[in-house]
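Peer 1: Next comes the structure file entry07.cif, holding mmCIF, C-alpha atoms.
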data_query
#
loop_
_atom_site.label_atom_id
_atom_site.label_comp_id
_atom_site.auth_asym_id
_atom_site.auth_seq_id
_atom_site.Cartn_x
_atom_site.Cartn_y
_atom_site.Cartn_z
CA THR A 1 0.00 0.00 0.00
CA GLY A 2 1.40 3.36 -1.05
CA GLY A 3 0.76 6.87 0.11
CA ALA A 4 1.10 9.29 -2.84
CA GLY A 5 4.64 10.20 -1.87
CA SER A 6 3.92 10.42 1.86
CA GLY A 7 4.86 6.90 2.86
CA PRO A 8 2.77 3.75 3.10
CA VAL A 9 -0.65 3.66 4.71
CA GLN A 10 -0.73 1.12 7.52
CA THR A 11 -3.66 -1.25 7.20
CA PRO A 12 -5.79 -2.33 8.80
CA GLY A 13 -6.19 1.06 10.39
CA PRO A 14 -7.73 1.96 13.76
CA MET A 15 -11.24 0.71 14.45
CA TYR A 16 -13.84 3.32 15.29
CA THR A 17 -16.99 2.38 17.19
CA ALA A 18 -20.24 4.01 18.23
CA VAL A 19 -23.55 3.08 19.81
CA LEU A 20 -26.36 5.00 18.16
CA PRO A 21 -29.99 5.46 19.23
CA PRO A 22 -32.81 4.04 17.11
CA ARG A 23 -33.35 5.94 13.87
CA PRO A 24 -36.32 8.38 13.79
CA ALA A 25 -39.39 6.61 12.39
CA GLU A 26 -40.30 9.55 10.16
CA LEU A 27 -36.83 9.61 8.62
CA VAL A 28 -36.93 5.89 7.91
CA ARG A 29 -40.38 6.15 6.33
CA ASP A 30 -39.42 9.10 4.12
CA TYR A 31 -36.21 7.41 3.01
CA ILE A 32 -37.97 4.19 2.01
CA ARG A 33 -40.46 6.14 -0.07
CA HIS A 34 -37.66 8.20 -1.64
CA VAL A 35 -35.96 5.06 -3.02
CA GLY A 36 -39.22 3.53 -4.24
CA GLY A 37 -40.00 1.13 -1.40
CA ASP A 38 -43.08 0.48 0.73
CA PRO A 39 -42.70 1.45 4.40
CA GLY A 40 -45.32 -1.16 5.24
CA GLY A 41 -42.85 -3.90 4.36
CA TYR A 42 -40.48 -2.78 7.13
CA ARG A 43 -42.65 -3.03 10.24
CA GLY A 44 -40.21 -3.23 13.13
CA THR A 45 -37.07 -3.31 10.98
CA LEU A 46 -34.72 -0.95 9.17
CA PRO A 47 -33.87 -1.06 5.46
CA ALA A 48 -30.29 -2.31 5.35
CA HIS A 49 -29.42 0.09 2.53
CA LEU A 50 -30.06 3.05 4.85
CA PHE A 51 -26.58 2.34 6.32
CA PRO A 52 -25.08 5.60 4.92
CA GLN A 53 -27.32 7.54 7.31
CA TRP A 54 -25.77 6.05 10.43
CA GLY A 55 -22.44 4.85 9.06
CA PHE A 56 -20.88 7.82 7.26
CA PRO A 57 -19.49 9.58 10.36
CA LEU A 58 -17.49 6.45 11.29
CA ILE A 59 -16.48 5.74 7.69
CA THR A 60 -15.17 9.30 7.36
CA LYS A 61 -13.00 8.81 10.44
CA THR A 62 -11.33 5.73 8.94
CA ILE A 63 -9.97 7.66 5.94
CA ALA A 64 -9.45 11.09 7.49
CA GLY A 65 -5.69 10.69 7.84
CA VAL A 66 -4.78 9.05 4.54
CA PRO A 67 -2.39 11.09 2.34
CA TYR A 68 -4.67 11.39 -0.70
CA PRO A 69 -6.70 14.26 -2.23
CA LEU A 70 -10.01 13.16 -0.75
CA GLN A 71 -11.90 16.01 -2.43
CA LYS A 72 -11.56 13.87 -5.59
CA ILE A 73 -12.91 10.69 -4.01
CA LEU A 74 -15.38 8.60 -6.03
CA ASN A 75 -17.70 5.84 -4.87
CA GLY A 76 -16.48 2.72 -6.66
CA GLY A 77 -18.89 0.21 -5.20
CA CYS A 78 -20.20 -1.63 -2.16
CA ARG A 79 -20.95 -5.15 -1.00
CA MET A 80 -23.81 -5.35 1.49
CA VAL A 81 -24.30 -8.64 3.36
CA ILE A 82 -27.51 -8.90 5.40
CA ASN A 83 -27.11 -11.65 7.99
CA ALA A 84 -30.17 -10.66 10.03
CA PRO A 85 -32.79 -7.89 9.97
CA LEU A 86 -31.96 -4.79 12.02
CA PRO A 87 -34.68 -3.96 14.58
CA SER A 88 -35.88 -0.39 14.25
CA ASP A 89 -36.42 0.11 18.00
CA GLN A 90 -32.98 -0.91 19.30
CA PRO A 91 -29.65 0.92 19.55
CA LEU A 92 -27.22 0.24 16.71
CA HIS A 93 -23.71 -0.93 17.61
CA CYS A 94 -21.42 0.14 14.76
CA SER A 95 -17.74 -0.31 13.96
CA ALA A 96 -15.68 0.80 10.97
CA VAL A 97 -12.11 0.15 9.87
CA LEU A 98 -9.93 0.89 6.84
CA ARG A 99 -8.99 -2.65 5.80
CA GLU A 100 -6.80 -2.12 2.73
CA VAL A 101 -5.35 0.49 0.34
CA ASP A 102 -4.47 -0.44 -3.24
CA ASP A 103 -2.32 2.32 -4.76
CA ASN A 104 -0.90 1.74 -8.25
CA GLY A 105 0.26 5.31 -8.82
CA ARG A 106 -2.70 6.20 -11.05
CA ARG A 107 -5.43 5.72 -8.48
CA ALA A 108 -5.88 4.55 -4.91
CA VAL A 109 -8.70 2.23 -3.87
CA LEU A 110 -9.66 2.49 -0.20
CA HIS A 111 -11.46 -0.56 1.19
CA THR A 112 -13.45 0.21 4.33
CA ARG A 113 -15.71 -2.12 6.29
CA LEU A 114 -18.73 -1.06 8.37
CA VAL A 115 -20.39 -3.56 10.70
CA THR A 116 -23.80 -2.82 12.22
CA GLU A 117 -25.32 -5.05 14.89
CA THR A 118 -27.59 -5.07 17.94
CA HIS A 119 -27.09 -6.71 21.32
CA ASP A 120 -28.72 -9.96 20.14
CA ARG A 121 -27.88 -9.88 16.42
CA PRO A 122 -24.09 -9.84 15.97
CA GLU A 123 -22.83 -8.73 12.55
CA ALA A 124 -26.40 -8.30 11.35
CA LEU A 125 -25.16 -6.09 8.49
CA VAL A 126 -21.66 -6.06 7.01
CA CYS A 127 -20.85 -3.48 4.33
CA ASP A 128 -17.60 -3.26 2.40
CA PHE A 129 -16.97 0.06 0.62
CA TYR A 130 -14.54 0.70 -2.21
CA SER A 131 -13.66 4.36 -2.67
CA ILE A 132 -11.50 5.45 -5.61
CA VAL A 133 -9.14 8.43 -5.51
CA PRO A 134 -7.70 9.41 -8.93
CA LEU A 135 -4.02 10.32 -8.60
CA GLY A 136 -3.05 11.18 -12.17
CA GLY A 137 0.35 9.56 -11.86
CA GLY A 138 2.01 6.74 -13.77
CA ASP A 139 3.85 6.51 -17.07
CA GLY A 140 2.22 8.75 -19.68
CA ASP A 141 3.40 6.62 -22.60
CA ALA A 142 2.07 3.49 -20.91
CA LYS A 143 -1.29 5.15 -20.37
CA ARG A 144 -1.53 6.10 -24.04
CA GLN A 145 -0.66 2.57 -25.13
CA ARG A 146 -3.01 0.87 -22.68
CA PRO A 147 -6.22 -0.19 -24.50
CA LYS A 148 -9.37 1.45 -23.22
CA LYS A 149 -11.75 -0.89 -21.48
CA ASP A 150 -15.29 -1.03 -22.77
CA LYS A 151 -17.62 0.34 -20.13
CA PRO A 152 -20.38 -2.02 -19.00
CA ARG A 153 -23.74 -2.06 -20.73
CA VAL A 154 -27.10 -3.54 -19.83
CA PRO A 155 -27.46 -6.95 -21.56
CA VAL A 156 -29.76 -6.78 -24.57
CA ASP A 157 -31.97 -9.56 -23.20
CA ALA A 158 -32.19 -8.21 -19.64
CA ARG A 159 -35.62 -7.98 -18.00
CA GLU A 160 -36.86 -4.65 -16.65
CA LEU A 161 -38.06 -4.69 -13.03
CA ALA A 162 -38.55 -0.97 -12.40
CA PHE A 163 -38.29 2.42 -14.09
CA TYR A 164 -37.29 5.66 -12.38
CA ARG A 165 -37.80 9.30 -13.29
CA LEU A 166 -35.16 11.15 -11.29
CA GLY A 167 -35.62 14.89 -10.93
CA PRO A 168 -32.83 17.47 -10.73
CA LYS A 169 -33.12 17.58 -6.91
CA ALA A 170 -32.86 13.82 -6.33
CA GLY A 171 -29.30 14.28 -5.04
CA LEU A 172 -30.34 16.99 -2.59
CA ASP A 173 -33.24 14.87 -1.33
CA PHE A 174 -30.90 11.92 -0.71
CA ALA A 175 -28.43 14.21 1.07
CA LEU A 176 -31.16 15.51 3.38
CA LEU A 177 -32.20 11.97 4.26
CA THR A 178 -28.70 10.54 4.80
CA GLY A 179 -26.42 13.45 5.67
CA ASP A 180 -24.10 12.91 2.68
CA PHE A 181 -23.78 16.51 1.51
CA ASN A 182 -20.99 16.16 -1.03
CA PRO A 183 -21.81 19.21 -3.21
CA VAL A 184 -21.24 17.29 -6.46
CA HIS A 185 -24.68 15.76 -5.80
CA TRP A 186 -26.68 18.93 -5.23
CA VAL A 187 -24.73 22.07 -6.29
CA PRO A 188 -24.73 22.33 -10.14
CA ALA A 189 -21.78 24.73 -10.32
CA TRP A 190 -19.66 22.42 -8.17
CA ALA A 191 -20.60 19.40 -10.29
CA ARG A 192 -19.64 21.28 -13.49
CA ALA A 193 -16.31 22.26 -11.94
CA PHE A 194 -15.58 18.53 -11.62
CA GLY A 195 -16.43 17.89 -15.26
CA PHE A 196 -20.08 16.80 -15.04
CA ARG A 197 -22.91 18.35 -17.04
CA ASN A 198 -24.97 18.71 -13.88
CA THR A 199 -25.27 17.18 -10.43
CA ILE A 200 -24.93 13.40 -10.20
CA LEU A 201 -26.91 10.96 -8.09
CA HIS A 202 -25.22 9.39 -5.07
CA GLY A 203 -24.07 5.87 -5.79
CA PHE A 204 -25.88 4.75 -2.65
CA GLY A 205 -29.03 6.42 -3.96
CA THR A 206 -28.78 4.15 -6.99
CA MET A 207 -28.04 1.15 -4.77
CA GLY A 208 -31.04 1.85 -2.53
CA ARG A 209 -33.36 2.00 -5.52
CA ALA A 210 -31.88 -1.22 -6.87
CA ALA A 211 -32.46 -2.98 -3.55
CA GLU A 212 -36.08 -1.87 -3.36
CA GLY A 213 -36.67 -2.71 -7.02
CA LEU A 214 -35.43 -6.25 -6.40
CA ILE A 215 -37.55 -6.56 -3.26
CA ARG A 216 -40.74 -5.41 -4.98
CA GLY A 217 -40.10 -6.98 -8.38
CA LEU A 218 -38.84 -10.41 -7.31
CA TRP A 219 -40.08 -11.04 -3.76
CA ALA A 220 -43.47 -9.30 -3.57
CA GLY A 221 -42.19 -6.59 -1.23
CA ASP A 222 -40.56 -8.89 1.35
CA PRO A 223 -37.20 -7.27 2.31
CA SER A 224 -36.12 -10.31 4.35
CA ARG A 225 -35.42 -12.17 1.09
CA LEU A 226 -32.46 -9.98 0.14
CA GLY A 227 -29.24 -11.49 1.50
CA VAL A 228 -26.41 -9.90 -0.49
CA LEU A 229 -26.20 -6.96 -2.87
CA ASP A 230 -22.76 -6.41 -4.40
CA VAL A 231 -22.52 -3.47 -6.81
CA ARG A 232 -20.08 -1.34 -8.80
CA PHE A 233 -20.80 2.22 -9.92
CA THR A 234 -19.57 2.30 -13.49
CA ARG A 235 -20.74 5.70 -14.82
CA PRO A 236 -21.90 8.93 -13.18
CA LEU A 237 -25.70 9.18 -13.25
CA VAL A 238 -26.25 12.80 -14.26
CA LEU A 239 -29.52 14.39 -13.12
CA PRO A 240 -32.27 14.65 -14.21
CA ALA A 241 -32.49 11.16 -15.65
CA LYS A 242 -34.79 8.33 -16.70
CA VAL A 243 -33.31 4.92 -15.96
CA GLY A 244 -34.42 1.36 -15.46
CA LEU A 245 -33.54 -1.52 -13.14
CA TYR A 246 -32.78 -4.74 -15.00
CA VAL A 247 -31.99 -8.33 -14.08
CA ASP A 248 -30.28 -10.94 -16.21
CA GLY A 249 -30.49 -14.54 -15.08
CA ASP A 250 -30.78 -15.33 -11.39
CA GLU A 251 -28.09 -13.09 -9.94
CA ASP A 252 -27.06 -10.18 -12.18
CA VAL A 253 -28.57 -6.71 -11.76
CA PHE A 254 -28.06 -3.45 -13.66
CA VAL A 255 -29.21 0.15 -13.61
CA GLY A 256 -29.08 1.73 -17.05
CA ASP A 257 -30.84 3.55 -19.84
CA ALA A 258 -32.26 0.49 -21.63
CA PRO A 259 -31.31 -3.07 -22.65
CA GLY A 260 -28.14 -2.74 -24.69
CA GLY A 261 -27.54 0.77 -23.38
CA PRO A 262 -25.01 2.19 -20.91
CA ALA A 263 -25.03 0.81 -17.36
CA TYR A 264 -24.55 3.19 -14.42
CA MET A 265 -24.45 0.35 -11.90
CA THR A 266 -23.70 -3.35 -12.29
CA GLY A 267 -23.86 -6.01 -9.65
CA THR A 268 -25.08 -9.30 -8.29
CA TYR A 269 -27.62 -10.26 -5.66
CA GLU A 270 -28.23 -13.32 -3.48
CA VAL A 271 -31.38 -14.54 -1.78
CA ARG A 272 -31.44 -15.18 1.96
CA THR A 273 -32.35 -18.78 2.63
CA ASP A 274 -32.79 -18.50 6.41
CA SER A 275 -35.35 -15.66 6.47
#
Please re-express this file's structure in structure tokens.

Peer 2:
Amino acid sequence: TGGAGSGPVQTPGPMYTAVLPPRPAELVRDYIRHVGGDPGGYRGTLPAHLFPQWGFPLITKTIAGVPYPLQKILNGGCRMVINAPLPSDQPLHCSAVLREVDDNGRRAVLHTRLVTETHDRPEALVCDFYSIVPLGGGDGDAKRQRPKKDKPRVPVDARELAFYRLGPKAGLDFALLTGDFNPVHWVPAWARAFGFRNTILHGFGTMGRAAEGLIRGLWAGDPSRLGVLDVRFTRPLVLPAKVGLYVDGDEDVFVGDAPGGPAYMTGTYEVRTDS
């Protein structure tokens, strides 16, 4: 693991912990509706994909001291493993740690793990985050000679489960519900300064919609059936937008414009068998 000229980053890093009170019921309800879910399906439990709301403060601590330009950080993807439902009326015991840094001189990938549990449900939710920091280094000639990778597309025979019309303020709404106020998601001038046509949707906003689309489209609104959702964010989703949720086979999921079109998110899902 390298440190952009400032020495290696020691991993795993320190573990940060917190015990948090139950999430406000109104917040949980509004969030579920925002990502296209039915609050009635979550009686007594929390949506697992709400983890950014309680987890970001700890996650931020794990990477605060790394020697990288974190203002350039991008959300590369996340693997969410749901081992047990999280009760909505119990305190949340959370821990976060920077597990690994992969620095090849051109970009650094920061792998952070967040564990959320309750007193009787250890490791109920385990989330692994992969944050990408572009560094701009490396051999210029090698970069020019390196063939460009084709960006992922939605398979032409994929089946549509849901369709979303995302307004220009979808990023701001997600920020208000989760506390992730990175201005690239809600300040147009800031987004344009970073090379985007307009604000872009949070990756976790896309992930939350994908989770709820799977729950409603495959399991009749039963969130206990979702066991694993493992996704990569492959293109910025510029707002406003019209996108669909697609599945291909029994495990592959995509968010994109249409079958055969660009994919903004790719991933896999697994069904819980002990629900």

Peer 1: Determine, counting only C-alpha atoms, which protein, DNA and RNA residues have an atom within 8 Å of an atom of Pro155 (chain A); residues of the same chain fewer than 5 positions away are not included. Present the result as a compact mmCIF listing (two decimals) with C-alpha atoms, keeping the file's coordinate frame.

Peer 2:
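This went into around30.txt:
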# COMPACT_ATOMS: atom_id res chain seq x y z
CA ASP A 248 -30.28 -10.94 -16.21
CA PRO A 259 -31.31 -3.07 -22.65
CA GLY A 260 -28.14 -2.74 -24.69
CA GLY A 261 -27.54 0.77 -23.38

Peer 1: Could you expand the PyMOL selection byres ((chain A and resi 272) around 12) into the explicit residues it covers here, written as JSON, numbers by chain?

Peer 2: {"A": [81, 82, 83, 84, 85, 215, 219, 222, 223, 224, 225, 226, 227, 228, 229, 269, 270, 271, 273, 274, 275]}

Peer 1: When distances are computed from all atoms listed in the file, which of A:Leu114, A:Pro236, A:Thr45, A:His34 shows the smallest separation from Leu172 (chain A)?

Peer 2: A:His34

Peer 1: Which residue, A:Ala64, A:Leu86, A:Val35, A:Leu58, has the smallest gap to Arg216 (chain A) when you use all atoms listed in the file?

Peer 2: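 Answer, going by the shortest atom-to-atom distance: A:Val35.
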
Peer 1: Tell me which residues the PyMOL selection byres ((chain A and resi 65-78) around 6) grabs here, as a PDB file with C-alpha atoms, in the coordinates of the input.

Peer 2:
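Contents of out.pdb, freshly written:
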ATOM      1  CA  GLY A   3       0.760   6.870   0.110  1.00  0.00           C
ATOM      2  CA  ILE A  63      -9.970   7.660   5.940  1.00  0.00           C
ATOM      3  CA  ALA A  64      -9.450  11.090   7.490  1.00  0.00           C
ATOM      4  CA  ARG A  79     -20.950  -5.150  -1.000  1.00  0.00           C
ATOM      5  CA  ASP A 128     -17.600  -3.260   2.400  1.00  0.00           C
ATOM      6  CA  PHE A 129     -16.970   0.060   0.620  1.00  0.00           C
ATOM      7  CA  TYR A 130     -14.540   0.700  -2.210  1.00  0.00           C
ATOM      8  CA  SER A 131     -13.660   4.360  -2.670  1.00  0.00           C
ATOM      9  CA  ILE A 132     -11.500   5.450  -5.610  1.00  0.00           C
ATOM     10  CA  VAL A 133      -9.140   8.430  -5.510  1.00  0.00           C
ATOM     11  CA  ASP A 230     -22.760  -6.410  -4.400  1.00  0.00           C
ATOM     12  CA  VAL A 231     -22.520  -3.470  -6.810  1.00  0.00           C
ATOM     13  CA  ARG A 232     -20.080  -1.340  -8.800  1.00  0.00           C
ATOM     14  CA  PHE A 233     -20.800   2.220  -9.920  1.00  0.00           C
TER      15      PHE A 233
END

Peer 1: At a cut-off of 12 Å, using all atoms listed in the file, what residues contact Leu237 (chain A)? Leave out same-chain residues fewer than 6 positions from it and give the result as a list in words.

Peer 2: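 What passes the distance filter is Leu166, Gly167, Pro168, Ala170, Gly171, Val184, His185, Ala191, Phe196, Arg197, Asn198, Thr199, Ile200, Leu201, His202, Gly203, Phe204, Gly205, Thr206, Met207, Val243, Gly244, Val255, Gly256, Asp257, Pro262, Ala263, Tyr264 and Met265 of chain A.
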